[in-house]
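Printed here is target-v8.txt (compact mmCIF, C-alpha atoms):
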# COMPACT_ATOMS: atom_id res chain seq x y z
CA MET A 1067 0.00 0.00 0.00
CA LEU A 1068 2.77 2.38 0.91
CA LEU A 1069 4.76 1.83 -2.26
CA GLN A 1070 1.63 2.36 -4.34
CA GLU A 1071 0.80 5.56 -2.49
CA SER A 1072 4.34 6.79 -2.93
CA THR A 1073 4.19 6.33 -6.72
CA ASN A 1074 0.75 7.96 -6.79
CA ASN A 1075 2.13 10.99 -4.99
CA VAL A 1076 5.10 11.32 -7.28
CA ARG A 1077 2.74 11.11 -10.24
CA ARG A 1078 0.43 13.69 -8.66
CA SER A 1079 3.43 15.98 -8.14
CA TRP A 1080 4.26 15.82 -11.82
CA LEU A 1081 0.63 16.54 -12.70
CA VAL A 1082 0.52 19.59 -10.43
CA LEU A 1083 3.75 20.78 -11.98
CA ALA A 1084 2.49 20.18 -15.50
CA GLY A 1085 -0.83 21.91 -14.77
CA PHE A 1086 0.98 24.88 -13.31
CA VAL A 1087 3.31 25.18 -16.31
CA VAL A 1088 0.35 25.04 -18.71
CA VAL A 1089 -1.50 27.78 -16.79
CA VAL A 1090 1.52 30.08 -16.68
CA LEU A 1091 2.25 29.52 -20.35
CA ALA A 1092 -1.38 30.27 -21.20
CA ILE A 1093 -1.32 33.49 -19.16
CA GLY A 1094 2.01 34.43 -20.73
CA PHE A 1095 0.71 33.83 -24.22
CA GLY A 1096 -2.49 35.71 -23.48
CA LEU A 1097 -0.71 38.75 -22.07
CA GLY A 1098 1.88 38.61 -24.83
CA ALA A 1099 -0.76 38.46 -27.55
CA ALA A 1100 -2.63 41.37 -25.95
CA PHE A 1101 0.53 43.48 -25.99
CA GLY A 1102 1.85 42.48 -29.41
CA SER A 1103 3.76 39.23 -29.47
CA GLY A 1104 2.16 35.98 -28.35
CA VAL A 1105 5.42 34.09 -28.80
CA ALA A 1106 7.37 36.51 -26.63
CA GLY A 1107 4.69 36.11 -23.99
CA LEU A 1108 5.02 32.33 -24.27
CA ILE A 1109 8.78 32.50 -23.79
CA ALA A 1110 8.43 34.84 -20.83
CA GLY A 1111 5.80 32.51 -19.40
CA ALA A 1112 8.13 29.54 -19.85
CA ILE A 1113 10.94 31.30 -17.96
CA VAL A 1114 8.60 32.28 -15.13
CA ALA A 1115 7.21 28.75 -14.92
CA ILE A 1116 10.66 27.14 -14.78
CA VAL A 1117 11.94 29.56 -12.16
CA LEU A 1118 8.86 29.18 -9.94
CA ALA A 1119 8.84 25.40 -10.34
CA LEU A 1120 12.51 25.21 -9.32
CA ILE A 1121 11.85 27.43 -6.33
CA GLY A 1122 8.87 25.28 -5.40
CA TYR A 1123 10.87 22.08 -5.66
CA LEU A 1124 14.11 23.20 -4.04
CA ALA A 1125 12.92 25.73 -1.49
CA GLY A 1126 9.32 24.63 -0.96
CA ASP A 1127 9.99 23.24 2.48
CA THR A 1128 12.02 26.26 3.62
CA ILE A 1129 9.21 28.53 2.46
CA VAL A 1130 6.63 26.52 4.39
CA LEU A 1131 8.76 26.46 7.54
CA ARG A 1132 9.36 30.21 7.30
CA LEU A 1133 5.68 30.95 6.64
CA SER A 1134 4.66 28.96 9.69
CA ARG A 1135 7.29 30.61 11.91
CA ALA A 1136 8.75 27.26 12.85
CA ARG A 1137 11.93 27.27 14.90
CA GLU A 1138 14.49 24.48 14.61
CA VAL A 1139 15.26 22.87 17.96
CA SER A 1140 18.38 20.93 18.89
CA ALA A 1141 18.62 17.62 20.69
CA GLU A 1142 19.84 19.47 23.79
CA GLU A 1143 16.71 21.64 23.89
CA GLU A 1144 14.21 18.83 23.40
CA PRO A 1145 15.90 15.46 24.07
CA ARG A 1146 12.69 13.48 24.57
CA PHE A 1147 11.09 14.76 21.40
CA HIS A 1148 14.25 14.26 19.36
CA ASN A 1149 14.55 10.69 20.63
CA MET A 1150 10.95 10.03 19.69
CA VAL A 1151 11.42 11.35 16.14
CA GLU A 1152 14.63 9.36 15.75
CA GLY A 1153 13.07 6.09 16.87
CA LEU A 1154 10.04 6.46 14.61
CA ALA A 1155 12.18 7.45 11.64
CA MET A 1156 14.09 4.20 12.15
CA THR A 1157 11.00 2.08 11.95
CA ALA A 1158 9.79 4.06 8.96
CA GLY A 1159 13.09 3.37 7.21
CA ILE A 1160 13.83 7.04 6.54
CA PRO A 1161 16.68 9.28 7.75
CA LYS A 1162 15.89 11.35 10.83
CA PRO A 1163 14.22 14.59 9.71
CA ARG A 1164 15.03 18.03 11.13
CA VAL A 1165 12.95 18.93 14.14
CA PHE A 1166 11.01 22.20 14.48
CA ILE A 1167 8.69 23.79 16.98
CA VAL A 1168 5.98 26.38 16.35
CA ASP A 1169 5.31 28.63 19.33
CA ASP A 1170 1.53 28.38 19.49
CA ALA A 1171 -0.76 27.09 22.20
CA ALA A 1172 -3.04 25.21 19.80
CA PRO A 1173 -2.07 21.57 19.25
CA ASN A 1174 -1.10 20.92 15.64
CA ALA A 1175 1.73 19.50 13.56
CA PHE A 1176 3.02 19.28 10.02
CA ALA A 1177 5.80 17.72 7.98
CA THR A 1178 7.53 18.95 4.88
CA GLY A 1179 10.35 17.98 2.53
CA ARG A 1180 10.90 17.14 -1.12
CA ASP A 1181 12.19 13.69 -0.19
CA PRO A 1182 12.99 11.80 3.04
CA ALA A 1183 16.60 13.00 2.93
CA HIS A 1184 15.48 16.64 3.10
CA ALA A 1185 12.56 16.39 5.47
CA ALA A 1186 11.42 18.33 8.52
CA VAL A 1187 8.75 17.68 11.11
CA ALA A 1188 7.18 20.46 13.19
CA VAL A 1189 4.82 20.46 16.16
CA THR A 1190 3.33 23.34 18.10
CA ARG A 1191 4.19 23.95 21.73
CA GLY A 1192 0.51 23.23 22.40
CA MET A 1193 0.82 19.75 20.89
CA LEU A 1194 3.82 18.91 23.07
CA GLU A 1195 1.88 19.96 26.14
CA ALA A 1196 -1.51 18.45 25.33
CA MET A 1197 -0.40 14.97 24.33
CA ASN A 1198 1.09 12.19 26.40
CA ARG A 1199 3.97 10.10 25.11
CA VAL A 1200 1.86 7.53 23.27
CA GLU A 1201 -0.33 10.16 21.61
CA LEU A 1202 2.66 12.27 20.59
CA GLU A 1203 4.29 9.20 19.06
CA ALA A 1204 1.13 8.58 17.04
CA VAL A 1205 1.14 12.17 15.76
CA VAL A 1206 4.82 12.09 14.81
CA ALA A 1207 4.33 8.71 13.11
CA HIS A 1208 1.48 10.24 11.09
CA GLU A 1209 3.74 13.08 9.97
CA LEU A 1210 6.60 10.74 9.11
CA ALA A 1211 4.16 8.70 7.02
CA HIS A 1212 3.57 11.83 4.92
CA VAL A 1213 7.33 12.11 4.36
CA GLN A 1214 7.76 8.43 3.60
CA SER A 1215 5.02 8.36 0.97
CA ARG A 1216 6.49 11.41 -0.81
CA ASP A 1217 3.29 13.20 0.09
CA THR A 1218 5.37 16.12 1.34
CA LEU A 1219 6.83 16.58 -2.15
CA ALA A 1220 3.37 16.83 -3.71
CA MET A 1221 2.34 19.19 -0.92
CA ALA A 1222 5.39 21.45 -1.16
CA LEU A 1223 4.67 21.87 -4.86
CA ALA A 1224 0.94 22.35 -4.28
CA VAL A 1225 1.58 24.95 -1.60
CA THR A 1226 4.10 26.95 -3.61
CA LEU A 1227 2.48 26.68 -7.02
CA VAL A 1228 -1.21 26.72 -6.07
CA GLY A 1229 -1.49 27.78 -2.47
CA LEU A 1230 0.56 30.96 -2.63
CA PRO A 1231 -1.23 32.38 -5.68
CA ALA A 1232 -4.48 31.40 -3.94
CA THR A 1233 -3.59 33.66 -1.03
CA LEU A 1234 -3.59 36.57 -3.45
CA LEU A 1235 -6.56 35.31 -5.43
CA PRO A 1236 -8.69 33.33 -2.96
CA PHE A 1237 -11.03 32.01 -5.64
CA ILE A 1238 -8.21 29.73 -6.72
CA GLY A 1239 -8.59 28.11 -3.29
CA PRO A 1240 -10.89 25.29 -4.47
CA VAL A 1241 -8.17 24.28 -6.95
CA LEU A 1242 -6.12 23.38 -3.90
CA GLN A 1243 -8.93 21.12 -2.76
CA THR A 1244 -9.00 19.27 -6.10
CA VAL A 1245 -5.24 18.85 -6.17
CA VAL A 1246 -5.01 17.77 -2.55
CA SER A 1247 -7.13 14.73 -1.79
CA PRO A 1248 -8.51 14.20 1.76
CA ARG A 1249 -7.56 10.55 1.24
CA ARG A 1250 -3.97 11.58 2.02
CA GLU A 1251 -4.89 12.05 5.65
CA PHE A 1252 -6.47 8.59 5.89
CA TYR A 1253 -3.37 7.02 4.36
CA ALA A 1254 -1.10 8.92 6.73
CA ASP A 1255 -3.24 7.84 9.69
CA LEU A 1256 -3.04 4.19 8.64
CA SER A 1257 0.66 4.23 7.81
CA GLY A 1258 1.45 6.01 11.05
CA VAL A 1259 -0.44 3.39 13.01
CA GLN A 1260 1.45 0.70 11.14
CA MET A 1261 4.65 2.26 12.50
CA THR A 1262 3.53 2.48 16.11
CA ARG A 1263 1.47 -0.76 15.99
CA TYR A 1264 -0.92 0.98 18.40
CA PRO A 1265 -4.13 2.50 16.92
CA PRO A 1266 -5.51 3.65 20.32
CA GLY A 1267 -2.61 6.14 20.51
CA LEU A 1268 -3.70 8.02 17.40
CA ILE A 1269 -7.41 7.67 18.26
CA SER A 1270 -6.74 9.27 21.60
CA ALA A 1271 -4.70 12.06 20.00
CA LEU A 1272 -7.41 12.81 17.42
CA GLU A 1273 -10.09 12.81 20.14
CA LYS A 1274 -8.06 15.44 21.97
CA LEU A 1275 -7.78 17.51 18.78
CA LYS A 1276 -11.57 17.35 18.45
CA SER A 1277 -12.10 18.99 21.80
CA ARG A 1278 -9.60 21.80 21.33
CA THR A 1279 -9.08 24.51 18.77
CA THR A 1280 -6.34 23.63 16.30
CA GLU A 1281 -6.17 27.17 14.98
CA VAL A 1282 -2.54 28.26 14.68
CA GLN A 1283 -1.96 32.02 14.55
CA ALA A 1284 1.05 31.91 12.28
CA ALA A 1285 -0.39 29.41 9.80
CA ALA A 1286 -0.68 30.76 6.28
CA ARG A 1287 -3.72 29.69 4.26
CA ALA A 1288 -1.44 28.31 1.60
CA THR A 1289 0.00 25.73 4.00
CA GLU A 1290 -3.39 24.35 5.10
CA PRO A 1291 -3.01 20.85 3.64
CA LEU A 1292 0.23 20.17 5.45
CA TRP A 1293 -1.07 20.25 9.01
CA ILE A 1294 -2.49 17.22 10.78
CA GLU A 1295 -5.72 19.16 11.28
CA SER A 1296 -6.81 22.46 9.73
CA PRO A 1297 -4.92 25.35 11.36
CA LEU A 1298 -7.29 27.96 9.97
CA HIS A 1299 -10.15 29.70 11.68
CA ALA A 1300 -13.26 27.89 10.49
CA GLY A 1301 -15.62 29.66 8.12
CA GLY A 1302 -15.61 32.26 5.38
CA VAL A 1303 -13.05 32.05 2.61
CA ASN A 1304 -11.11 29.49 4.61
CA ARG A 1305 -13.72 26.92 3.66
CA TRP A 1306 -12.12 26.81 0.21
CA PHE A 1307 -8.82 25.80 1.72
CA ASP A 1308 -9.96 22.98 3.96
CA THR A 1309 -8.51 19.72 2.69
CA HIS A 1310 -8.91 17.56 5.77
CA PRO A 1311 -11.53 14.86 6.22
CA PRO A 1312 -13.65 15.28 9.38
CA LEU A 1313 -11.94 14.07 12.55
CA ASP A 1314 -14.90 11.80 13.32
CA GLU A 1315 -14.40 9.90 10.07
CA ARG A 1316 -10.71 9.49 10.76
CA ILE A 1317 -11.39 8.20 14.25
CA LYS A 1318 -14.04 5.83 12.92
CA LEU A 1319 -11.61 4.37 10.38
CA LEU A 1320 -9.00 3.79 13.05
CA ARG A 1321 -11.48 2.12 15.38
CA GLU A 1322 -12.22 -0.43 12.68
CA LEU A 1323 -8.66 -1.70 12.74
CA MET B 145 9.81 -12.39 -40.98
CA VAL B 146 7.31 -10.54 -38.77
CA ALA B 147 7.12 -13.54 -36.48
CA LEU B 148 10.87 -13.22 -35.86
CA TRP B 149 10.48 -9.62 -34.68
CA VAL B 150 7.54 -10.54 -32.45
CA ILE B 151 9.57 -13.31 -30.82
CA LEU B 152 12.52 -10.95 -30.41
CA GLY B 153 10.19 -8.39 -28.80
CA ILE B 154 8.82 -10.95 -26.38
CA VAL B 155 12.31 -12.12 -25.46
CA VAL B 156 13.46 -8.57 -24.77
CA LEU B 157 10.35 -7.92 -22.66
CA LEU B 158 10.92 -11.07 -20.62
CA LEU B 159 14.55 -10.15 -20.06
CA LEU B 160 13.51 -6.73 -18.81
CA ILE B 161 10.97 -8.22 -16.41
CA PHE B 162 13.49 -10.77 -15.19
CA GLY B 163 16.12 -8.10 -14.71
CA GLY B 164 13.69 -5.86 -12.86
CA THR B 165 12.60 -8.65 -10.53
CA TYR B 166 16.19 -9.70 -9.86
CA ASN B 167 17.14 -6.13 -8.99
CA ARG B 168 14.14 -5.78 -6.69
CA LEU B 169 15.13 -8.98 -4.86
CA VAL B 170 18.68 -7.72 -4.44
CA ALA B 171 17.44 -4.37 -3.12
CA LEU B 172 15.10 -6.05 -0.61
CA ARG B 173 17.82 -8.40 0.58
CA ASN B 174 20.27 -5.55 1.05
CA ARG B 175 17.65 -3.68 3.05
CA ILE B 176 17.46 -6.63 5.45
CA ASP B 177 21.23 -6.58 5.98
CA ASN B 178 21.09 -2.83 6.54
CA ALA B 179 18.25 -3.22 9.04
CA TRP B 180 20.21 -5.90 10.90
CA SER B 181 23.26 -3.71 11.25
CA GLN B 182 21.00 -0.87 12.46
CA ILE B 183 19.99 -3.08 15.39
CA GLY B 184 23.68 -3.62 16.07
CA VAL B 185 24.27 0.15 16.09
CA GLN B 186 21.58 0.68 18.73
CA LEU B 187 22.82 -2.22 20.85
CA LYS B 188 26.31 -0.72 20.82
CA ARG B 189 24.80 2.60 21.89
CA ARG B 190 23.31 0.79 24.88
CA TYR B 191 26.63 -0.83 25.77
CA ASP B 192 28.36 2.55 25.63
CA LEU B 193 25.79 4.22 27.90
CA ILE B 194 26.03 1.61 30.64
CA PRO B 195 29.47 2.47 32.15
CA ASN B 196 28.42 6.12 32.50
CA LEU B 197 25.20 5.09 34.20
CA VAL B 198 26.96 2.73 36.58
CA ASN B 199 29.50 5.41 37.55
CA THR B 200 26.77 7.96 38.26
CA VAL B 201 24.92 5.50 40.49
CA LYS B 202 28.18 4.46 42.21
CA GLY B 203 28.66 8.10 43.20
CA TYR B 204 25.59 7.82 45.45
CA ALA B 205 25.28 4.12 46.25
CA ALA B 206 28.84 2.80 46.29
CA HIS B 207 28.10 -0.16 48.53
CA GLU B 208 25.56 -1.80 46.18
CA LYS B 209 28.46 -3.81 44.76
CA GLU B 210 26.43 -6.86 43.82
CA ILE B 211 24.25 -5.11 41.28
CA PHE B 212 27.19 -3.28 39.66
CA GLU B 213 28.98 -6.55 39.16
CA LYS B 214 25.86 -8.09 37.63
CA VAL B 215 25.51 -5.25 35.14
CA ALA B 216 29.20 -5.32 34.20
CA GLU B 217 29.11 -9.07 33.75
CA ALA B 218 26.00 -8.94 31.55
CA ARG B 219 27.50 -6.16 29.43
CA ASN B 220 30.75 -8.03 28.89
CA ALA B 221 28.87 -11.18 27.99
CA ALA B 222 26.89 -9.29 25.36
CA ILE B 223 29.94 -7.60 23.83
CA SER B 224 31.90 -10.84 23.59
CA ALA B 225 28.99 -12.99 22.40
CA LYS B 226 29.83 -14.85 19.20
CA SER B 227 26.58 -16.37 18.01
CA VAL B 228 23.16 -14.76 17.61
CA PRO B 229 21.44 -16.91 20.30
CA ASP B 230 24.30 -16.15 22.73
CA GLN B 231 23.93 -12.45 22.07
CA ALA B 232 20.16 -12.60 22.50
CA GLN B 233 20.62 -14.31 25.86
CA ALA B 234 23.22 -11.74 26.94
CA GLU B 235 20.85 -8.94 25.90
CA ASN B 236 18.19 -10.42 28.15
CA GLN B 237 20.75 -10.53 30.95
CA ILE B 238 21.50 -6.83 30.49
CA THR B 239 17.81 -5.94 30.53
CA GLY B 240 17.34 -7.90 33.75
CA ALA B 241 20.40 -6.38 35.40
CA LEU B 242 19.38 -2.83 34.43
CA ARG B 243 15.91 -3.41 35.81
CA GLN B 244 17.44 -4.37 39.13
CA LEU B 245 19.75 -1.35 39.00
CA PHE B 246 16.82 1.03 38.52
CA ALA B 247 14.95 -0.71 41.34
CA VAL B 248 17.93 -0.06 43.63
CA VAL B 249 17.99 3.60 42.58
CA GLU B 250 14.47 3.98 43.98
CA ASN B 251 16.01 3.95 47.46
CA TYR B 252 18.19 6.98 46.80
CA PRO B 253 16.05 10.11 46.30
CA ASP B 254 19.14 12.33 45.83
CA LEU B 255 20.27 10.15 42.98
CA LYS B 256 16.80 10.14 41.45
CA ALA B 257 16.86 13.94 41.35
CA ASN B 258 20.36 14.15 39.89
CA GLN B 259 20.26 15.78 36.42
CA ASN B 260 23.04 13.62 35.09
CA PHE B 261 21.25 10.48 36.15
CA LEU B 262 17.93 11.64 34.70
CA ALA B 263 19.57 12.46 31.38
CA LEU B 264 21.23 9.04 31.25
CA GLN B 265 17.99 7.33 32.19
CA GLU B 266 16.18 9.15 29.38
CA GLU B 267 18.93 8.18 26.90
CA LEU B 268 18.77 4.57 28.00
CA THR B 269 14.99 4.44 27.78
CA ALA B 270 15.12 6.04 24.36
CA THR B 271 17.78 3.54 23.26
CA GLU B 272 15.60 0.63 24.39
CA GLY B 273 12.86 2.20 22.27
CA ARG B 274 15.17 2.53 19.30
CA ILE B 275 16.26 -1.11 19.63
CA ALA B 276 12.60 -2.10 19.51
CA PHE B 277 11.97 0.12 16.48
CA ALA B 278 15.06 -1.25 14.75
CA ARG B 279 13.86 -4.80 15.33
CA GLN B 280 10.41 -3.87 14.04
CA PHE B 281 11.94 -2.40 10.89
CA TYR B 282 14.08 -5.51 10.47
CA ASN B 283 10.99 -7.72 10.62
CA ASP B 284 9.17 -5.48 8.14
CA THR B 285 12.05 -5.75 5.66
CA VAL B 286 12.14 -9.54 6.09
CA LEU B 287 8.38 -9.65 5.42
CA SER B 288 8.66 -7.67 2.16
CA TYR B 289 11.58 -9.82 1.02
CA ASN B 290 9.92 -13.13 1.92
CA ASN B 291 6.74 -12.12 0.13
CA LYS B 292 8.70 -11.33 -3.02
CA VAL B 293 10.68 -14.57 -2.80
CA GLN B 294 7.66 -16.79 -2.20
CA GLN B 295 5.00 -15.17 -4.38
CA PHE B 296 4.39 -15.96 -8.00
CA PRO B 297 5.90 -15.03 -10.49
CA SER B 298 8.90 -13.51 -8.72
CA ARG B 299 9.56 -16.89 -7.07
CA ILE B 300 10.79 -18.15 -10.45
CA VAL B 301 13.58 -15.60 -10.52
CA ALA B 302 14.22 -16.13 -6.80
CA GLY B 303 14.65 -19.85 -7.34
CA MET B 304 16.98 -19.36 -10.30
CA PHE B 305 19.35 -17.14 -8.34
CA ASN B 306 19.17 -18.80 -4.96
CA PHE B 307 17.20 -16.18 -3.00
CA THR B 308 15.93 -17.96 0.08
CA PRO B 309 13.44 -16.75 2.70
CA ARG B 310 14.97 -15.13 5.80
CA GLU B 311 14.03 -15.55 9.44
CA PHE B 312 12.11 -13.06 11.53
CA PHE B 313 13.55 -11.73 14.74
CA GLN B 314 11.89 -13.86 17.41
CA VAL B 315 10.95 -12.96 20.96
CA GLU B 316 12.16 -15.39 23.62
CA GLU B 317 9.63 -17.35 25.66
CA ALA B 318 10.32 -15.49 28.90
CA ALA B 319 9.74 -12.11 27.31
CA THR B 320 6.15 -12.87 26.33
CA GLY B 321 5.15 -13.84 29.86
CA PRO B 322 3.24 -11.42 32.14
CA VAL B 323 5.35 -8.61 33.60
CA ASN B 324 5.67 -8.66 37.35
CA VAL B 325 5.28 -5.16 38.78
CA GLN B 326 6.06 -4.78 42.47
CA PHE B 327 5.70 -1.62 44.48
In structure tokens, write the structure found in this file.
Amino acid sequence: MLLQESTNNVRRSWLVLAGFVVVVLAIGFGLGAAFGSGVAGLIAGAIVAIVLALIGYLAGDTIVLRLSRAREVSAEEEPRFHNMVEGLAMTAGIPKPRVFIVDDAAPNAFATGRDPAHAAVAVTRGMLEAMNRVELEAVVAHELAHVQSRDTLAMALAVTLVGLPATLLPFIGPVLQTVVSPRREFYADLSGVQMTRYPPGLISALEKLKSRTTEVQAAARATEPLWIESPLHAGGVNRWFDTHPPLDERIKLLREL
Amino acid sequence: MVALWVILGIVVLLLLIFGGTYNRLVALRNRIDNAWSQIGVQLKRRYDLIPNLVNTVKGYAAHEKEIFEKVAEARNAAISAKSVPDQAQAENQITGALRQLFAVVENYPDLKANQNFLALQEELTATEGRIAFARQFYNDTVLSYNNKVQQFPSRIVAGMFNFTPREFFQVEEAATGPVNVQF
């Protein structure tokens, strides 16, 4: 299942990239034709598309981390958390990702990285405080599952190429929802539980998320899909950016295991 | 004439499939060896932490000689173990000795509050966790490999090139019994 999901995500990444390039080329051609030379517009569009795509691929994770005001923490600062991430990365068969903390009281977490060798996992201060060891392990395992299945690559591209423009032009928001399938979260839940071999841990963590606000102050709309639960204030335009399945459904799926 | 090309095409396709399957089997087998050495890395980490831990405890409870000797003995046995069953037994010995050591520590509240000791205890606990995760990963890699070796049609290639199923990491009888917790 994991290998299949990984190939699906890589394919989806290429599709997002291709779609983006087509859109930029079309805009370039359109603008160029309006101002005289369609071909010149096409060439300009091609340059813009390549540059943005490269930025999205190479710096996508840095952009996301910066946007979310995540702070890298060393093993000396957070030994328990570092040990937890290291252990879970071992069972996932990926190198240990960089560890970040977001200073926010709401419990939430995300992972990013174009491949497992360049990955990062971030949790809010609120998550560290609200969850016990078993629950925290379940959350980290869920995030590492995103990294392992190359989901974070698809997401980094989606965030940079679709999400950021959508912040300027919110009506593009629903495009994010078509590109980012809620199924991702189910897969990450299941893969994470496969790592910890303990579904009650994640169930308990998700139950806790249900009863608290997961709204993170620093979270940019563009990064919505990356978090374990939506970090945006519910309602209004933010509806277009919500890519998570309802917590109840996720809990129900886990209980069936 | 056309038939010749068709046959050639089929042969090339089969060779590609064979080659792909062979490579996959090699990759899976190498992953198992990697996973096994990962366990070794974590075990060594445990061995290296123990002297530090013993010295810290000695600083507060010097007269508990018996338990220190037990721990040292178990550690030496594990390091010098030659065969896998011997090492597994020595590992069990270490776990038992450490458990007794931590039980002894309960009687020394100053030691329990010592930052050095707490840090070492956390490292040791985390290492035990990592050993467990490493073993879990090892078993997962063996599962993937065994599936590929035993399932059809990859079992044809496996048979041709002598890929045999590998063993899972087993838990000893004693370890699956109920845990005795005494307060």
Q. Within 9 Å of Ala1222 of chain A, counting all atoms listed in the file, which residues qualify if same-chain residues fewer than 2 places away don't, as a PyMOL selection string?
A. chain A and resi 1122-1123+1125-1127+1129-1130+1178-1180+1217-1220+1224-1227+1289+1292
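We find atom CA of Val1241 of chain A and atom CA of Phe1101 of chain A to be spaced 28.4 Å apart.
Take the candidates B:Ser288, B:Gln295, B:Ser181, B:Gln280 and check each one against chain A using all atoms listed in the file; the shortest distance goes to B:Gln280.
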**Q.** Atom pair atom CA of Ile211 of chain B / atom CA of Val185 of chain B: separation (Å)
**A.**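 Spanning atom CA of Ile211 of chain B to atom CA of Val185 of chain B is a straight-line distance of 25.7 Å.
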Q) Restricting the calculation to all atoms listed in the file, which member of B:Asn196, B:Gln233, B:Gln244, B:Gln186 is positioned closest to chain A? A)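 Ranking B:Asn196, B:Gln233, B:Gln244, B:Gln186 by distance to chain A, first place goes to B:Gln186.
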Q.
Can you pull out the residues contacting Glu1209 of chain A? Cut-off 7 Å, using all atoms listed in the file, and skip same-chain residues under 6 positions away; I want them as a VMD selection string.
A. chain A and resid 1176 to 1177 1187
Q. Expressed in Å to a single decimal, how great is the separation between atom CA of Gly240 of chain B and atom CA of Asn178 of chain B?
A.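 Rounded to one decimal, the two atoms are 27.9 Å apart.
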Q.
Restricting the calculation to all atoms listed in the file: of B:Glu311, B:Val155, B:Ala171, B:Phe246, which residue gets closest to Leu264 of chain B?
A.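 Result for the nearest residue to Leu264 of chain B: B:Phe246.
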Q: Kindly determine which residues of chain B lie within 8 Å of chain A, considering only C-alpha atoms, and give the answer as a PyMOL selection string.
A: chain B and resi 266+270+273-274+277-278+280-281
Q.
Please list as a list in words every residue within 12 Å of Ala302 of chain B, counting only C-alpha atoms and excluding residues in the same chain fewer than 4 positions away.
A.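 So the residues in contact are Phe162, Gly163, Gly164, Thr165, Tyr166, Asn167, Arg168, Leu169, Val170, Leu172, Arg173, Tyr289, Asn290, Asn291, Lys292, Val293, Gln294, Gln295, Phe296, Pro297, Ser298, Asn306, Phe307, Thr308 and Pro309 of chain B.
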Q: Determine the nearest neighbour of Phe1147 of chain A from the options B:Glu267, B:Asp284, B:Asp192, B:Glu250, counting only C-alpha atoms.
A: B:Glu267
Each side padded by 5 Å, which centre and which edge lengths in Å (one decimal) define the axis-aligned box around the listed atoms of segment 1093-1112 of chain A? Give them as JSON.
{"center_x": 3.1, "center_y": 36.5, "center_z": -24.3, "size_x": 21.4, "size_y": 23.9, "size_z": 20.3}
Q | Which of A:Val1151, A:Glu1144, A:Ala1207, A:Leu1131 sits closest to Ala1288 of chain A [using all atoms listed in the file] | A |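 With all atoms listed in the file as the atom set, the closest residue is A:Leu1131.
Proximity of B:Leu197, B:Ile183, B:Leu160, B:Ile151 to Gln259 of chain B, computed with all atoms listed in the file, is greatest for B:Leu197.
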Q | Radius query 9 Å about (-0.1, 26.5, 21.5), atoms used: only C-alpha atoms, as a PyMOL selection string | A | chain A and resi 1168-1174+1190-1195+1280-1282
